[in-house]
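Shown here: entry_18.cif, mmCIF, C-alpha atoms.
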```
data_coords
#
loop_
_atom_site.label_atom_id
_atom_site.label_comp_id
_atom_site.auth_asym_id
_atom_site.auth_seq_id
_atom_site.Cartn_x
_atom_site.Cartn_y
_atom_site.Cartn_z
CA MET A 260 -0.64 -7.27 -27.01
CA ASN A 261 -0.29 -10.26 -24.82
CA ILE A 262 1.83 -13.35 -25.18
CA GLN A 263 0.75 -16.63 -23.67
CA VAL A 264 2.13 -20.13 -23.65
CA GLN A 265 -0.59 -22.14 -25.28
CA TYR A 266 -0.62 -25.72 -24.09
CA GLY A 267 -4.18 -25.54 -22.90
CA GLN A 268 -5.65 -22.14 -22.45
CA GLY A 269 -2.14 -20.94 -21.78
CA PHE A 270 -0.43 -18.72 -19.30
CA GLY A 271 2.19 -16.00 -19.28
CA ARG A 272 1.61 -12.30 -19.70
CA THR A 273 -2.13 -11.96 -19.92
CA ALA A 274 -4.57 -9.13 -20.25
CA VAL A 275 -5.97 -10.05 -16.84
CA ALA A 276 -4.30 -8.02 -14.13
CA ALA A 277 -2.30 -10.23 -11.81
CA ALA A 278 -1.57 -9.57 -8.18
CA PRO A 279 1.42 -7.24 -7.77
CA LEU A 280 4.69 -8.60 -6.50
CA PRO A 281 6.25 -7.44 -3.25
CA ALA A 282 7.83 -4.00 -3.52
CA LEU A 283 11.34 -5.41 -3.27
CA ALA A 284 11.39 -7.75 -6.24
CA SER A 285 14.50 -9.80 -6.90
CA PHE A 286 14.85 -8.48 -10.42
CA GLY A 287 14.00 -5.01 -11.68
CA GLY A 288 11.51 -4.59 -14.49
CA ALA A 289 10.09 -8.06 -14.07
CA GLY A 290 6.51 -6.86 -14.02
CA HIS A 291 3.71 -8.77 -12.37
CA ALA A 292 3.52 -12.44 -11.58
CA ALA A 293 2.09 -14.48 -14.43
CA PRO A 294 -1.03 -16.51 -13.55
CA HIS A 295 -0.98 -20.20 -14.40
CA ALA A 296 -3.76 -22.22 -15.97
CA PRO A 297 -4.24 -25.92 -15.33
CA VAL A 298 -3.07 -28.40 -17.92
CA ARG A 299 -5.74 -29.50 -20.33
CA ALA A 300 -6.94 -33.08 -19.89
CA ALA A 301 -6.25 -33.72 -23.57
CA ASP A 302 -2.53 -33.06 -23.15
CA PRO A 303 -0.55 -36.30 -23.36
CA ALA A 304 0.91 -37.61 -20.11
CA VAL A 305 4.44 -37.34 -21.49
CA LEU A 306 4.04 -33.55 -21.70
CA GLN A 307 4.98 -32.42 -18.21
CA THR A 308 5.19 -29.05 -16.51
CA LEU A 309 7.40 -27.44 -13.91
CA VAL A 310 6.56 -23.98 -12.53
CA GLY A 311 8.11 -21.67 -9.98
CA GLU A 312 8.94 -18.12 -8.99
CA ALA A 313 12.20 -16.25 -9.44
CA MET A 314 13.48 -12.81 -10.40
CA GLY A 315 10.30 -11.15 -9.17
CA THR A 316 8.16 -13.07 -11.64
CA THR A 317 7.11 -16.61 -12.50
CA TRP A 318 8.71 -19.25 -14.70
CA SER A 319 7.52 -22.42 -16.36
CA VAL A 320 9.01 -25.26 -18.34
CA ARG A 321 6.96 -27.66 -20.45
CA LEU A 322 8.92 -30.66 -21.58
CA CYS A 323 8.36 -33.89 -23.43
CA ASN A 324 9.32 -36.70 -21.05
CA PRO A 325 8.48 -40.04 -22.72
CA GLN A 326 10.62 -42.01 -20.26
CA PHE A 327 9.00 -40.28 -17.26
CA THR A 328 12.43 -39.39 -15.95
CA PRO A 329 12.31 -37.89 -12.41
CA LEU A 330 12.19 -34.12 -12.68
CA ALA A 331 13.93 -33.13 -9.44
CA PRO A 332 17.32 -32.65 -11.24
CA VAL A 333 15.55 -30.60 -13.91
CA ARG A 334 14.01 -28.26 -11.36
CA ALA A 335 17.35 -27.91 -9.60
CA ALA A 336 19.07 -26.94 -12.86
CA ILE A 337 16.37 -24.41 -13.72
CA GLU A 338 16.47 -22.80 -10.30
CA GLU A 339 20.26 -22.60 -10.31
CA ALA A 340 20.28 -20.94 -13.74
CA LEU A 341 17.78 -18.31 -12.60
CA ALA A 342 19.58 -17.80 -9.30
CA LEU A 343 22.82 -17.19 -11.20
CA VAL A 344 21.21 -14.35 -13.16
CA VAL A 345 19.88 -12.80 -9.95
CA ARG A 346 23.29 -13.08 -8.23
CA GLN A 347 25.02 -11.40 -11.12
CA MET A 348 22.54 -9.02 -12.77
CA SER A 349 19.79 -7.97 -10.37
CA ASN A 350 19.74 -4.34 -9.24
CA TRP A 351 17.30 -5.42 -6.56
CA GLU A 352 20.00 -7.48 -4.81
CA PRO A 353 22.47 -5.12 -3.07
CA GLU A 354 25.33 -7.63 -3.26
CA SER A 355 24.78 -8.76 -6.84
CA GLU A 356 27.62 -8.32 -9.29
CA VAL A 357 25.91 -5.43 -11.07
CA SER A 358 25.11 -3.67 -7.79
CA ARG A 359 28.74 -3.90 -6.71
CA PHE A 360 29.85 -2.59 -10.12
CA ASN A 361 27.45 0.35 -9.82
CA ARG A 362 29.01 1.31 -6.48
CA ALA A 363 32.60 0.93 -7.68
CA PRO A 364 34.96 3.92 -7.77
CA ALA A 365 35.65 5.85 -10.95
CA GLY A 366 38.34 4.46 -13.21
CA SER A 367 38.25 0.94 -11.79
CA TRP A 368 38.33 -2.18 -13.95
CA HIS A 369 36.38 -5.24 -12.85
CA ALA A 370 36.68 -8.89 -13.83
CA LEU A 371 33.16 -10.08 -14.58
CA SER A 372 31.53 -13.48 -14.56
CA PRO A 373 31.20 -14.97 -18.07
CA ALA A 374 27.40 -14.63 -18.12
CA PHE A 375 27.49 -10.99 -17.03
CA PHE A 376 30.15 -10.19 -19.62
CA THR A 377 28.15 -11.93 -22.37
CA VAL A 378 25.08 -9.84 -21.58
CA LEU A 379 27.10 -6.60 -21.59
CA GLN A 380 28.63 -7.50 -24.95
CA ALA A 381 25.17 -8.06 -26.44
CA ALA A 382 23.92 -4.83 -24.86
CA GLN A 383 26.77 -2.83 -26.37
CA HIS A 384 26.09 -4.38 -29.78
CA TRP A 385 22.46 -3.23 -29.79
CA ALA A 386 23.33 0.15 -28.28
CA LEU A 387 25.65 0.82 -31.21
CA ALA A 388 23.31 -0.64 -33.84
CA SER A 389 20.32 1.37 -32.59
CA GLY A 390 22.11 4.69 -32.22
CA GLY A 391 21.62 4.66 -28.45
CA ALA A 392 17.94 3.63 -28.36
CA PHE A 393 19.09 0.74 -26.17
CA ASP A 394 21.49 1.48 -23.35
CA VAL A 395 21.98 -0.47 -20.12
CA GLY A 396 23.41 2.67 -18.54
CA VAL A 397 19.89 3.96 -17.83
CA GLY A 398 19.90 2.78 -14.21
CA ALA A 399 19.94 6.27 -12.71
CA LEU A 400 17.04 7.34 -14.93
CA VAL A 401 15.02 4.22 -14.19
CA ASP A 402 15.53 4.89 -10.51
CA ARG A 403 14.64 8.58 -10.77
CA TRP A 404 11.42 7.86 -12.63
CA GLY A 405 10.36 5.55 -9.80
CA PHE A 406 10.81 2.21 -11.55
CA GLY A 407 14.02 1.19 -9.80
CA PRO A 408 14.91 -0.58 -6.56
CA ARG A 409 15.48 2.42 -4.30
CA PRO A 410 14.04 1.98 -0.78
CA ASP A 411 11.88 5.06 -1.37
CA ALA A 412 10.88 4.13 -4.93
CA GLN A 413 7.25 4.74 -5.74
CA ALA A 414 4.81 1.86 -5.99
CA ASP A 415 3.92 0.62 -9.45
CA HIS A 416 1.33 2.77 -11.24
CA VAL A 417 2.17 5.76 -9.00
CA ALA A 418 4.02 8.85 -10.24
CA PRO A 419 7.19 9.93 -8.41
CA ALA A 420 6.57 12.40 -5.61
CA ARG A 421 8.48 14.96 -7.68
CA MET A 422 8.65 14.55 -11.44
CA PRO A 423 12.18 14.82 -12.91
CA SER A 424 12.99 18.17 -14.45
CA VAL A 425 14.42 18.46 -17.96
CA GLN A 426 17.75 19.37 -16.42
CA GLU A 427 17.72 16.23 -14.26
CA GLN A 428 16.84 14.05 -17.22
CA GLN A 429 19.72 15.42 -19.22
CA ALA A 430 22.15 15.06 -16.32
CA LEU A 431 21.17 11.43 -15.74
CA ARG A 432 21.28 10.36 -19.38
CA PRO A 433 23.78 7.53 -19.92
CA HIS A 434 27.02 8.12 -21.73
CA ARG A 435 27.57 4.93 -23.69
CA ALA A 436 31.24 5.71 -24.34
CA GLY A 437 31.84 5.47 -20.59
CA LEU A 438 31.38 1.69 -20.46
CA ALA A 439 34.40 -0.08 -21.87
CA LEU A 440 34.89 -3.84 -22.10
CA ARG A 441 38.11 -5.82 -22.39
CA ASP A 442 37.87 -9.37 -23.70
CA ALA A 443 41.09 -10.24 -21.91
CA GLY A 444 40.03 -11.16 -18.41
CA LEU A 445 36.36 -10.38 -19.18
CA GLN A 446 36.74 -6.91 -17.70
CA ALA A 447 34.52 -3.83 -17.60
CA LEU A 448 35.43 -0.25 -16.75
CA GLN A 449 33.42 1.76 -14.24
CA PRO A 450 34.06 5.31 -15.49
CA GLY A 451 32.42 6.83 -12.43
CA GLY A 452 28.75 7.03 -11.51
CA LEU A 453 27.63 4.64 -14.25
CA GLN A 454 24.48 2.85 -13.13
CA LEU A 455 23.75 -0.27 -15.13
CA ASP A 456 20.22 -1.65 -15.40
CA LEU A 457 19.99 -4.95 -17.27
CA SER A 458 16.23 -5.47 -17.00
CA GLY A 459 15.82 -4.96 -20.76
CA ILE A 460 18.01 -7.94 -21.63
CA ALA A 461 18.83 -10.14 -18.63
CA LYS A 462 15.44 -11.82 -18.37
CA GLY A 463 15.81 -12.98 -21.97
CA TYR A 464 19.29 -14.21 -21.14
CA SER A 465 17.87 -16.18 -18.21
CA VAL A 466 15.63 -18.05 -20.66
CA ASP A 467 18.66 -18.93 -22.79
CA LEU A 468 20.55 -20.08 -19.70
CA VAL A 469 17.71 -22.39 -18.71
CA VAL A 470 17.65 -23.78 -22.25
CA ASP A 471 21.40 -24.46 -22.08
CA SER A 472 21.01 -26.15 -18.69
CA LEU A 473 18.25 -28.45 -19.96
CA ARG A 474 20.17 -29.38 -23.07
CA ALA A 475 23.22 -30.18 -20.92
CA GLN A 476 21.04 -32.76 -19.15
CA GLY A 477 20.07 -34.30 -22.50
CA TRP A 478 16.59 -32.79 -22.92
CA THR A 479 15.67 -31.85 -26.50
CA ASP A 480 11.96 -31.03 -26.62
CA PHE A 481 10.72 -28.32 -24.26
CA LEU A 482 9.36 -24.80 -23.94
CA VAL A 483 10.87 -22.36 -21.44
CA GLU A 484 9.06 -19.24 -20.20
CA VAL A 485 10.31 -16.63 -17.73
CA GLY A 486 8.01 -13.69 -17.07
CA GLY A 487 6.43 -13.92 -20.51
CA GLU A 488 9.64 -14.34 -22.54
CA LEU A 489 9.85 -17.72 -24.23
CA ARG A 490 12.14 -20.05 -26.12
CA ALA A 491 11.20 -23.34 -27.73
CA SER A 492 13.46 -26.32 -28.30
CA GLY A 493 12.40 -29.18 -30.53
CA THR A 494 8.71 -30.01 -30.73
CA ARG A 495 5.68 -31.04 -28.74
CA PRO A 496 4.84 -34.74 -28.45
CA GLY A 497 3.81 -35.91 -31.91
CA GLY A 498 6.29 -33.65 -33.68
CA GLN A 499 4.19 -30.48 -33.82
CA PRO A 500 5.69 -27.06 -33.05
CA TRP A 501 5.06 -25.48 -29.70
CA ARG A 502 2.22 -22.95 -29.80
CA VAL A 503 2.37 -19.41 -28.46
CA ALA A 504 -0.73 -17.24 -28.49
CA VAL A 505 -0.32 -13.63 -29.60
CA ALA A 506 -3.41 -11.58 -28.93
CA ALA A 507 -4.65 -8.03 -29.08
CA GLU A 508 -6.11 -6.96 -25.76
CA ALA A 509 -8.73 -4.78 -27.39
CA ALA A 510 -9.93 -7.52 -29.70
CA GLY A 511 -9.86 -10.16 -26.99
CA THR A 512 -8.80 -12.77 -29.51
CA ALA A 513 -5.70 -14.89 -29.84
CA ARG A 514 -3.99 -16.61 -32.72
CA ALA A 515 -1.53 -19.43 -32.31
CA LEU A 516 2.04 -18.78 -33.34
CA PRO A 517 4.10 -21.91 -34.08
CA LEU A 518 7.45 -21.82 -32.35
CA GLN A 519 10.26 -24.31 -32.93
CA ASP A 520 13.91 -23.76 -31.96
CA MET A 521 13.23 -20.02 -31.66
CA ALA A 522 12.61 -17.43 -28.96
CA VAL A 523 9.95 -14.77 -28.72
CA ALA A 524 9.91 -11.68 -26.50
CA THR A 525 7.46 -8.87 -26.04
CA SER A 526 7.72 -5.32 -24.77
CA GLY A 527 4.91 -2.93 -23.99
CA ASP A 528 3.43 -0.53 -21.47
CA HIS A 529 0.65 -2.69 -20.06
CA TRP A 530 2.51 -3.68 -16.89
CA HIS A 531 4.75 -0.94 -15.51
CA ALA A 532 3.31 2.53 -16.07
CA PHE A 533 1.71 5.46 -14.27
CA GLU A 534 -0.57 8.33 -15.19
CA HIS A 535 0.36 11.95 -14.47
CA GLY A 536 -1.06 15.17 -15.85
CA GLY A 537 -3.15 13.33 -18.40
CA ARG A 538 -0.18 11.42 -19.82
CA ARG A 539 0.72 7.77 -19.49
CA TYR A 540 4.37 7.17 -18.52
CA SER A 541 5.78 3.80 -19.52
CA HIS A 542 8.58 2.05 -17.62
CA THR A 543 10.58 1.98 -20.87
CA ILE A 544 13.05 4.87 -20.78
CA ASP A 545 14.43 6.43 -23.95
CA PRO A 546 18.16 6.81 -23.19
CA ARG A 547 18.43 9.51 -25.84
CA THR A 548 15.97 11.87 -24.14
CA GLY A 549 16.02 10.73 -20.52
CA GLU A 550 12.27 10.27 -20.23
CA PRO A 551 9.76 7.43 -20.74
CA VAL A 552 8.68 6.76 -24.28
CA ALA A 553 5.58 8.67 -25.36
CA HIS A 554 4.14 7.35 -28.60
CA ALA A 555 1.25 5.24 -29.78
CA LEU A 556 3.19 1.99 -29.98
CA ALA A 557 1.48 -0.29 -27.46
CA SER A 558 3.59 -3.41 -27.81
CA VAL A 559 6.22 -5.19 -29.85
CA THR A 560 6.78 -8.91 -30.39
CA VAL A 561 10.17 -10.06 -31.67
CA LEU A 562 11.36 -13.45 -32.87
CA HIS A 563 15.03 -14.44 -32.63
CA ALA A 564 17.13 -17.56 -32.21
CA GLU A 565 18.21 -16.35 -28.75
CA CYS A 566 15.88 -14.85 -26.19
CA MET A 567 18.55 -12.43 -24.95
CA HIS A 568 18.57 -10.73 -28.35
CA ALA A 569 14.79 -10.93 -28.74
CA ASP A 570 14.41 -9.23 -25.35
CA ALA A 571 16.84 -6.44 -26.21
CA LEU A 572 15.32 -5.91 -29.66
CA ALA A 573 11.82 -5.67 -28.23
CA THR A 574 13.07 -2.83 -26.04
CA VAL A 575 14.87 -1.17 -28.96
CA LEU A 576 11.73 -1.15 -31.11
CA THR A 577 9.60 0.09 -28.21
CA VAL A 578 11.93 3.05 -27.77
CA LEU A 579 12.12 3.81 -31.48
CA GLY A 580 8.36 3.74 -32.01
CA SER A 581 6.27 2.43 -34.86
CA VAL A 582 7.91 4.25 -37.79
CA GLU A 583 11.57 4.23 -36.77
CA GLY A 584 11.17 0.83 -35.13
CA LEU A 585 9.71 -0.74 -38.25
CA ALA A 586 12.50 0.71 -40.37
CA PHE A 587 15.19 -0.49 -37.97
CA ALA A 588 13.75 -3.99 -37.69
CA THR A 589 13.37 -4.24 -41.45
CA GLY A 590 16.95 -3.11 -42.02
CA GLN A 591 18.24 -5.62 -39.47
CA GLY A 592 16.18 -8.46 -40.94
CA VAL A 593 14.33 -8.87 -37.64
CA ALA A 594 11.01 -10.71 -37.52
CA ALA A 595 8.81 -8.36 -35.52
CA LEU A 596 5.13 -7.57 -35.06
CA LEU A 597 4.23 -4.06 -33.88
CA CYS A 598 0.91 -3.07 -32.35
CA GLU A 599 -0.03 0.61 -32.40
CA ARG A 600 -2.99 2.30 -30.71
CA SER A 601 -5.33 4.26 -32.92
CA HIS A 602 -8.86 5.63 -32.84
CA GLN A 603 -9.87 2.61 -34.87
CA GLY A 604 -8.37 0.22 -32.33
CA ALA A 605 -5.20 -1.84 -32.44
CA GLN A 606 -3.26 -1.51 -35.71
CA TRP A 607 -0.78 -4.30 -36.52
CA THR A 608 2.33 -3.97 -38.67
CA ALA A 609 4.69 -6.84 -39.48
CA THR A 610 8.23 -6.68 -40.84
CA PRO A 611 9.08 -8.53 -44.07
CA ALA A 612 10.95 -11.19 -42.05
CA TRP A 613 7.85 -11.77 -39.93
CA ARG A 614 5.55 -11.96 -42.98
CA GLU A 615 7.90 -14.42 -44.64
CA ARG A 616 7.95 -16.68 -41.59
CA PHE A 617 4.27 -16.33 -40.70
CA PRO A 618 2.36 -15.43 -43.88
CA GLU A 619 -0.90 -16.45 -42.19
CA PHE A 620 -0.24 -14.36 -39.07
CA GLN A 621 -0.33 -10.65 -39.95
#
```

Please rewrite the model in this file as structure tokens.
Amino acid sequence: MNIQVQYGQGFGRTAVAAAPLPALASFGGAGHAAPHAPVRAADPAVLQTLVGEAMGTTWSVRLCNPQFTPLAPVRAAIEEALALVVRQMSNWEPESEVSRFNRAPAGSWHALSPAFFTVLQAAQHWALASGGAFDVGVGALVDRWGFGPRPDAQADHVAPARMPSVQEQQALRPHRAGLALRDAGLQALQPGGLQLDLSGIAKGYSVDLVVDSLRAQGWTDFLVEVGGELRASGTRPGGQPWRVAVAAEAAGTARALPLQDMAVATSGDHWHAFEHGGRRYSHTIDPRTGEPVAHALASVTVLHAECMHADALATVLTVLGSVEGLAFATGQGVAALLCERSHQGAQWTATPAWRERFPEFQ
């Protein structure tokens, strides 16, 4: 599946392979840079675009600007929001807040920044709800499988020099009970050796943070995208919803998904993966087993009011697979669209919440 912002031909995560980022990205799990398409001539002049690079990927903001207000303060707010996430939550930055926490001694409590604490609270919620299918304590496993920020980490699409043994996988599995949070003082406990990796949730949070920053400046109608995760506020010029294209790679077709005051996130194995011994290894690690997911679920698209939760849920469903994932999403009332590989091609399954919201898009 691929998700594109559709304001002309669109951009975002596309089926076309983009140039790889430098080996030392500023945010783990960001994937490849998203190519940008020029704005269509038919777009109204009041619909303006800002684009940039951050967190090892690209970002864009489309906003309705009928007064043609100068956009320099907007860009500054966007860049500061994204820089805050990098400073606090990037494993690729050795002095980030999460990196310092990962190096902290056993038994130490740490006062966290509000944003970092918010993300950890959300992560713990979905870890508990999913029975451990989502766990930000997978940092050591991500690193061992070659998807992390180690200096000797393997390049994307290349298997580790030595594949992890079953014993290693079990030893590196996260122990969710080890991470404790205290609301008083926004504190977190480092139980010893816990390696947090927030790449399955922090990028979605960065979208929400940009949205909050724009609204604080008085903007109401815009579409934010960071590395393929999106959140819409208000409408396009003329009052129509923003349009997001959801397409099956195999079919080569796209259908427009209307998006208004909602976020959408996708997870799949098209971007970070390697082949070894005839098997494809996805960058998505199952915390319950200690190894990359190995099922026929190619991608998941999730709709939620907040992109942080959409991002986390997309990871949850990817780990659970098509059957368990569909059951979990249905039980949680989550609007999700799952794409599974089969001999007949891509097979799509939508949850009841998705079918209710998009009866024409199934």

Practice task
Kindly extract all protein, DNA and RNA residues lying within 10 Å of the coordinates (31.6, 2.9, -9.1) given in the file, considering only C-alpha atoms, and supply them as a PyMOL selection string.
Solution key: chain A and resi 358-368+448-454

Problem - Top pick for closest residue to Ala370 in chain A, considering A:Val310, A:Val305, A:Leu445, A:Leu400 and counting only C-alpha atoms - result: A:Leu445

Handout entry: Residues matched by the PyMOL selection byres ((chain A and resi 483) around 7) as a VMD selection string
Key = chain A and resid 319 to 321 466 470 481 to 482 484 to 485 489 to 491

Just C-alpha atoms for this one: save the residues we selected as an mmCIF file, keeping the file's coordinate frame.
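What follows is the written file part39.cif:
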```cif
data_model
loop_
_atom_site.group_PDB
_atom_site.id
_atom_site.type_symbol
_atom_site.label_atom_id
_atom_site.label_comp_id
_atom_site.auth_asym_id
_atom_site.auth_seq_id
_atom_site.Cartn_x
_atom_site.Cartn_y
_atom_site.Cartn_z
ATOM 1 C CA SER A 319 7.520 -22.420 -16.360
ATOM 2 C CA VAL A 320 9.010 -25.260 -18.340
ATOM 3 C CA ARG A 321 6.960 -27.660 -20.450
ATOM 4 C CA VAL A 466 15.630 -18.050 -20.660
ATOM 5 C CA VAL A 470 17.650 -23.780 -22.250
ATOM 6 C CA PHE A 481 10.720 -28.320 -24.260
ATOM 7 C CA LEU A 482 9.360 -24.800 -23.940
ATOM 8 C CA GLU A 484 9.060 -19.240 -20.200
ATOM 9 C CA VAL A 485 10.310 -16.630 -17.730
ATOM 10 C CA LEU A 489 9.850 -17.720 -24.230
ATOM 11 C CA ARG A 490 12.140 -20.050 -26.120
ATOM 12 C CA ALA A 491 11.200 -23.340 -27.730
#
```

Practice task
Any chance you could resolve the PyMOL selection byres ((chain A and resi 611-617) around 8) against this file and give the residues as a VMD selection string?
Solution key: chain A and resid 589 592 to 596 609 to 610 618 to 621

Output the selection as an mmCIF file, in the frame of the given file - C-alpha atoms for each residue.
```
data_model
loop_
_atom_site.group_PDB
_atom_site.id
_atom_site.type_symbol
_atom_site.label_atom_id
_atom_site.label_comp_id
_atom_site.auth_asym_id
_atom_site.auth_seq_id
_atom_site.Cartn_x
_atom_site.Cartn_y
_atom_site.Cartn_z
ATOM 1 C CA THR A 589 13.370 -4.240 -41.450
ATOM 2 C CA GLY A 592 16.180 -8.460 -40.940
ATOM 3 C CA VAL A 593 14.330 -8.870 -37.640
ATOM 4 C CA ALA A 594 11.010 -10.710 -37.520
ATOM 5 C CA ALA A 595 8.810 -8.360 -35.520
ATOM 6 C CA LEU A 596 5.130 -7.570 -35.060
ATOM 7 C CA ALA A 609 4.690 -6.840 -39.480
ATOM 8 C CA THR A 610 8.230 -6.680 -40.840
ATOM 9 C CA PRO A 618 2.360 -15.430 -43.880
ATOM 10 C CA GLU A 619 -0.900 -16.450 -42.190
ATOM 11 C CA PHE A 620 -0.240 -14.360 -39.070
ATOM 12 C CA GLN A 621 -0.330 -10.650 -39.950
#
```

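Excluding Gly580 in chain A itself and any same-chain residue fewer than 5 positions from it, the protein and nucleic acid residues within 9 Å of it, counting only C-alpha atoms, are Val552, Ala553, His554, Ala555, Leu556, Val575, Leu585 and Glu599 of chain A.
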
Practice task
Go ahead and compute the interatomic distance for CA of Ser581 in chain A and CA of Val505 in chain A, in Å to one decimal.
Solution key: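 Computing the Euclidean distance for CA of Ser581 in chain A and CA of Val505 in chain A yields 18.1 Å.
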
Exercise for the section: Take CA of Gly390 in chain A and CA of Arg547 in chain A and report the distance between them in Å, one decimal. Expected result: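 We find that CA of Gly390 in chain A and CA of Arg547 in chain A lie 8.8 Å from each other.
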
Practice task
Figure out the distance between CA of Val469 in chain A and CA of Val357 in chain A, please, to one decimal in Å.
Solution key: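 So the two atoms, CA of Val357 in chain A and CA of Val469 in chain A, lie 20.3 Å apart.
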
Handout entry: Nearest-residue call for Asp471 in chain A, choices A:Cys566, A:Cys323, A:Val523, A:Leu306, using all atoms listed in the file
Key =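 Closest to Asp471 in chain A of all the choices is A:Cys566.
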
Exercise for the section: For Arg334 in chain A, please output as a list in words all residues within 9 Å (counting all atoms listed in the file; exclusion window: fewer than 5 positions along the same chain). Expected result: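 Surrounding residues, per the criterion: Leu309, Val310, Gly311 and Glu339 of chain A.
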
Listed atoms of range 464-479 of chain A, axis-aligned box, 3 Å per side: centre and edge lengths to one decimal in Å, as AutoDock Vina command-line options?
```
--center_x 19.4 --center_y -24.3 --center_z -22.4 --size_x 13.6 --size_y 26.1 --size_z 14.3
```

Exercise for the section: Identify all residues satisfying the PyMOL selection byres ((chain A and resi 571) around 10) in the given file; provide them as a VMD selection string. Expected result: chain A and resid 381 to 382 385 to 386 393 to 395 457 to 464 524 to 526 561 566 to 570 572 to 577

Write the selection just made, keeping C-alpha atoms, as a PDB file, in the frame of the given file?
```
ATOM      1  CA  ALA A 381      25.170  -8.060 -26.440  1.00  0.00           C
ATOM      2  CA  ALA A 382      23.920  -4.830 -24.860  1.00  0.00           C
ATOM      3  CA  TRP A 385      22.460  -3.230 -29.790  1.00  0.00           C
ATOM      4  CA  ALA A 386      23.330   0.150 -28.280  1.00  0.00           C
ATOM      5  CA  PHE A 393      19.090   0.740 -26.170  1.00  0.00           C
ATOM      6  CA  ASP A 394      21.490   1.480 -23.350  1.00  0.00           C
ATOM      7  CA  VAL A 395      21.980  -0.470 -20.120  1.00  0.00           C
ATOM      8  CA  LEU A 457      19.990  -4.950 -17.270  1.00  0.00           C
ATOM      9  CA  SER A 458      16.230  -5.470 -17.000  1.00  0.00           C
ATOM     10  CA  GLY A 459      15.820  -4.960 -20.760  1.00  0.00           C
ATOM     11  CA  ILE A 460      18.010  -7.940 -21.630  1.00  0.00           C
ATOM     12  CA  ALA A 461      18.830 -10.140 -18.630  1.00  0.00           C
ATOM     13  CA  LYS A 462      15.440 -11.820 -18.370  1.00  0.00           C
ATOM     14  CA  GLY A 463      15.810 -12.980 -21.970  1.00  0.00           C
ATOM     15  CA  TYR A 464      19.290 -14.210 -21.140  1.00  0.00           C
ATOM     16  CA  ALA A 524       9.910 -11.680 -26.500  1.00  0.00           C
ATOM     17  CA  THR A 525       7.460  -8.870 -26.040  1.00  0.00           C
ATOM     18  CA  SER A 526       7.720  -5.320 -24.770  1.00  0.00           C
ATOM     19  CA  VAL A 561      10.170 -10.060 -31.670  1.00  0.00           C
ATOM     20  CA  CYS A 566      15.880 -14.850 -26.190  1.00  0.00           C
ATOM     21  CA  MET A 567      18.550 -12.430 -24.950  1.00  0.00           C
ATOM     22  CA  HIS A 568      18.570 -10.730 -28.350  1.00  0.00           C
ATOM     23  CA  ALA A 569      14.790 -10.930 -28.740  1.00  0.00           C
ATOM     24  CA  ASP A 570      14.410  -9.230 -25.350  1.00  0.00           C
ATOM     25  CA  LEU A 572      15.320  -5.910 -29.660  1.00  0.00           C
ATOM     26  CA  ALA A 573      11.820  -5.670 -28.230  1.00  0.00           C
ATOM     27  CA  THR A 574      13.070  -2.830 -26.040  1.00  0.00           C
ATOM     28  CA  VAL A 575      14.870  -1.170 -28.960  1.00  0.00           C
ATOM     29  CA  LEU A 576      11.730  -1.150 -31.110  1.00  0.00           C
ATOM     30  CA  THR A 577       9.600   0.090 -28.210  1.00  0.00           C
TER      31      THR A 577
END
```

Problem - From A:Ala605, A:Leu468, A:Leu473, A:Ala335, residue lying nearest Glu565 in chain A [all atoms listed in the file] - result: A:Leu468

Exercise for the section: Write out as a list of chain:residue names the residues lying within 10 Å of Glu312 in chain A, counting all atoms listed in the file and excluding same-chain residues fewer than 2 positions away. Expected result: A:Ala292, A:Ala293, A:Val310, A:Met314, A:Gly315, A:Thr316, A:Thr317, A:Trp318, A:Ser319, A:Glu338, A:Leu341, A:Val485, A:Gly486

Handout entry: Protein/DNA/RNA residues near (6.9, -37.9, -23.0), cut 10 Å, only C-alpha atoms, as a list in words
Key =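 Residues satisfying the cut-off, written out: Pro303, Ala304, Val305, Leu306, Gln307, Leu322, Cys323, Asn324, Pro325, Gln326, Phe327, Thr328, Asp480, Arg495, Pro496 and Gly497 of chain A.
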
Problem - Among listed residues A:Gln499, A:Ala374, A:Asp456, A:Ala522, nearest Gly487 in chain A (using only C-alpha atoms) - result: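 Counting only C-alpha atoms, the residue closest to Gly487 in chain A is A:Ala522.
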